[in-house]
Amino acid sequence: MLLALLLAYALSMSAGGMDHTMSDTALPHDGAAADLAASSTGGQMVMPDGSTMDMGEHQAESPAAAAIGGDPAASAPVEGAHEMAMGGAINWYVIGGVLALIAAGIALAAGLNEHLERRMAMGMLVTEGACGE
Amino acid sequence: MSNGKRNRNRHKPVTSVPPSRSATAEPLVEPQPRPDLRPADDLRLAEVIPLPPSGDRPNLLHLRPLNAFLRSRWYPGVFQIAGVLVFAFVMIETLFGPSTVHDNAGSAIVWILWWPLLPLSYFMLARFWCTVCPFPVVGDLLQRLAGLRLPMPAFLKKYGLWIIDAWFIGITWADHVFGIVESPRGTGYLLLMILAGVLTLSLVFERRTFCRSVCFLGGLSGNYSMTSPLALRANQANCKDKCRDLWCAKGSERAAACPMFETPRTMQTNRECNLCGNCIKSCPHGSLRLEIRKPTSEFWHIKRARIEVAFLAMILVGVVIIQNLTMLSVWQPLLDRVAGLTGSTNFTLNFTIVFTIAMVLPLAALALASRFSRGNDETTVQNFARFGYAIIPLDLAAHMAHNLFHLLGEGLAVPRTLALLFGLQWTLVGDELLNTPTIQVLQYLMLGAGAVATVYAAYRIARRGGQTRTVRALVPHLFLICLLIAVNAYMFTLPMSHRA
């Protein structure tokens, strides 16, 4: 269910659901520098309020961080883009959707059990004896 | 895989067998006539349902399509083929694809999609993943072609779970020291190492010796699958009454023996059941039942608590803490402080110290709680083993909450890297599916659910064990549980770094 939700959400975003992020940043995507700079997210913290901060020296040693050559200027535009995408208010629709999915799953399981119990009570399902050899 | 057609022919409709109550069977609900259904309808419906008898509680195998699918030759083969194909791609990509984790589709699939979804699958489908897992599937094939099929060594039988625990700790340590997750090649070599281990043991020993006694994920999957609402069990009254041959354990011409060395007839736990369906196919009496139960209810029905399981449960607490810590902004200052104490800037040394403390502290805390909790009729170790199970729901919740950040905060890395790999345009900036505040609410909801499940499990365990001293047995463990919840909740308030 969660996978289906993610897939649906990803598809909706691919269809333009996050246009604001793209238009706000207008990053070049054909250059190697921009691609490498994007990997700087591997060395950033995402704050609860959506802002980002640098991980520091240790993270700079990681392969992802090494790929950008430790150039803070190269990653600067992407930091801004990331901030835009990760900030914002809580999306209660998504949380409501997830809770509804969980409730639906529980209801389905309970319903299945109920359905089978009813059929057993009606004598429609044999509850003991051999299947036949 | 068994021959589904032959299997169906051999199992006659149960309605052809006269019902005969066994002496040990629990009282059955007497069939009640339904006013809106004519007797003829009942009879006609009953005649067309070729389903097995399987006890007095609801059995999902009474759902005819599910029953037919689980008995068919397509189960679990279709899932296994898909798993092998996906992981073959992943291995090739991690070993030969882009060397940066940001651009490697194999790394993204493993660490941003598969790994975060794994605990969820253990909860929802118990150890079904272990049946689909491509490594033993390849091992099974090799074993069929050239396997020596020696019996599993006694020491593996006896110490298998300890070996798994040790492996799990070792791999977690190695991940941080060698940067396995941060490097596609590291991921590729790890997968290769697992494949080599599986192939070697499959060639030498029978069935899935690797999965049962060596796989580092085996302990994790065993622990988490115990929380699952889905369980495969036998109708033991029916088994006692009809079975003399243990088809479920030894196999038949319809399906192989249980790959996990279990005897489903007496199985009381999800720990070692892969839901491969072999026993369902093999049992000629239709005694297997697939049931939906209360999640985590297995913990307070454990007859013999195992110290290895409780040990791993507490180790997992430490693992989640260390995984969170290394992605937080407090990590570097913490390492600097340890470096100041050791007088060395060696990362391996300083990390190992923090790692050891993170592993040992939860164990010591549970041991202390057990010391105060135990009564005169049990030892501290017994109490430790019994209440260690109660921590598993919190483990699972904290693990899933941690992984939610990767799954929802970086989920688009999977389609992005795949698009780049196949030369397609990818115009979105950022890999997040949801923003951080939304993910945090979901993390807290998950942690809350785990906390409630853990507290309730501890209460039921205390009530079952002590009987007369439930509160005294429970209070020390409640303190520990509250502490663990607080630590986890605090860590999820802190800013966390991304994987890809």
# chains A, B, ... in the order shown; residues from 1 in each chain; ligands from 1

$ residues_around --residues "Leu434 of chain B" --least-positions-apart "3" --cutoff "7 Å" --atoms "only C-alpha atoms" --output "list in words"
Leu408, Gly409, Thr438 and Ile439 of chain B

$ residues_around --residues "Ile280 of chain B" --least-positions-apart "2" --cutoff "9 Å" --atoms "only C-alpha atoms" --output "ChimeraX atom specification"
/B:67,70-71,248,255,276-278,282-284,286-289

$ closest_residue --among "B:Ile353, B:Leu316, B:Met491, B:Val214" --to "chain A" --atoms "only C-alpha atoms"
B:Met491

$ atom_distance --atom1 "atom CA of Pro98 of chain B" --atom2 "atom CA of Val138 of chain B"
26.0 Å

$ atom_distance --atom1 "atom CA of Asn376 of chain B" --atom2 "atom CA of Ser297 of chain B"
26.4 Å

$ closest_residue --among "B:Ala397, B:Ile322, B:Leu420, B:Ala457" --to "Asp175 of chain B" --atoms "only C-alpha atoms"
B:Ile322

$ atom_distance --atom1 "atom CA of Leu494 of chain B" --atom2 "atom CA of Ala390 of chain B"
26.5 Å

$ select_by_dssp --residues "segment 160-294 of chain B" --states "strand (DSSP E)" --output "list in words"
Leu230, Ala231, Leu232, Arg233, Ala234, Leu288, Arg289, Leu290, Glu291 and Ile292 of chain B

$ residues_around --residues "Glu308 of chain B" --least-positions-apart "6" --cutoff "9 Å" --atoms "only C-alpha atoms" --output "mmCIF file with N, CA and C atoms, in the first residue's frame"
data_model
loop_
_atom_site.group_PDB
_atom_site.id
_atom_site.type_symbol
_atom_site.label_atom_id
_atom_site.label_comp_id
_atom_site.auth_asym_id
_atom_site.auth_seq_id
_atom_site.Cartn_x
_atom_site.Cartn_y
_atom_site.Cartn_z
ATOM 1 N N LEU B 161 21.984 -18.713 15.698
ATOM 2 C CA LEU B 161 21.461 -17.365 15.955
ATOM 3 C C LEU B 161 22.543 -16.450 16.537
ATOM 4 N N TRP B 162 23.448 -17.030 17.297
ATOM 5 C CA TRP B 162 24.566 -16.216 17.807
ATOM 6 C C TRP B 162 25.476 -15.798 16.657
ATOM 7 N N ASP B 165 23.785 -13.025 14.932
ATOM 8 C CA ASP B 165 23.912 -11.794 15.724
ATOM 9 C C ASP B 165 25.293 -11.166 15.522
ATOM 10 N N ALA B 385 15.616 -12.581 28.794
ATOM 11 C CA ALA B 385 15.138 -13.240 27.566
ATOM 12 C C ALA B 385 13.643 -12.995 27.359
#

$ closest_residue --among "B:Leu328, B:Ile292, B:Ala462, B:Leu447" --to "Leu108 of chain A" --atoms "only C-alpha atoms"
B:Ile292

$ closest_residue --among "B:Phe351, B:Phe387, B:Phe87, B:Phe178" --to "Ala310 of chain B" --atoms "only C-alpha atoms"
B:Phe387

$ residues_around --residues "segment 168-171 of chain B" --least-positions-apart "6" --cutoff "12 Å" --atoms "only C-alpha atoms" --output "ChimeraX atom specification"
/B:161-162,177-181,186-187,190-191,193-194,214-221,311-320,322,352,355-356,358-360

$ write_last_selection --atoms "C-alpha atoms" --output "compact mmCIF listing (two decimals), in the first residue's frame"
# COMPACT_ATOMS: atom_id res chain seq x y z
CA LEU B 161 21.46 -17.36 15.96
CA TRP B 162 24.57 -16.22 17.81
CA VAL B 177 34.19 2.01 8.80
CA PHE B 178 34.44 1.09 5.11
CA GLY B 179 31.55 3.22 3.88
CA ILE B 180 29.64 0.36 2.23
CA VAL B 181 26.38 2.28 1.85
CA GLY B 186 31.07 -1.43 -1.56
CA THR B 187 27.43 -2.39 -1.97
CA LEU B 190 28.73 -6.88 -0.03
CA LEU B 191 26.14 -8.48 -2.32
CA MET B 193 30.05 -11.73 -0.54
CA ILE B 194 26.53 -12.81 0.40
CA VAL B 214 24.46 -17.60 8.76
CA CYS B 215 22.59 -14.84 6.91
CA PHE B 216 23.10 -11.60 8.83
CA LEU B 217 19.57 -10.55 7.95
CA GLY B 218 18.17 -13.79 9.36
CA GLY B 219 18.07 -12.52 12.93
CA LEU B 220 16.53 -9.21 11.93
CA SER B 221 13.91 -10.87 9.76
CA PHE B 311 20.09 -10.05 22.76
CA LEU B 312 19.49 -9.16 19.12
CA ALA B 313 16.46 -7.06 20.05
CA MET B 314 18.64 -4.90 22.29
CA ILE B 315 21.47 -4.83 19.76
CA LEU B 316 18.98 -3.47 17.23
CA VAL B 317 18.18 -0.64 19.60
CA GLY B 318 21.87 0.26 19.55
CA VAL B 319 22.09 -0.15 15.76
CA VAL B 320 19.21 2.25 15.14
CA ILE B 322 24.12 4.56 15.85
CA THR B 352 34.57 1.57 17.33
CA PHE B 355 29.78 1.82 18.40
CA THR B 356 30.66 -0.52 21.27
CA ALA B 358 25.93 2.06 21.66
CA MET B 359 25.69 -1.75 21.51
CA VAL B 360 26.52 -2.42 25.15

$ closest_residue --among "A:Gly105, A:Gly111, A:Gly97, A:Gly123" --to "chain B" --atoms "only C-alpha atoms"
A:Gly123

$ closest_residue --among "B:Gly251, B:Pro295, B:Gly343, B:Pro476" --to "chain A" --atoms "only C-alpha atoms"
B:Pro295
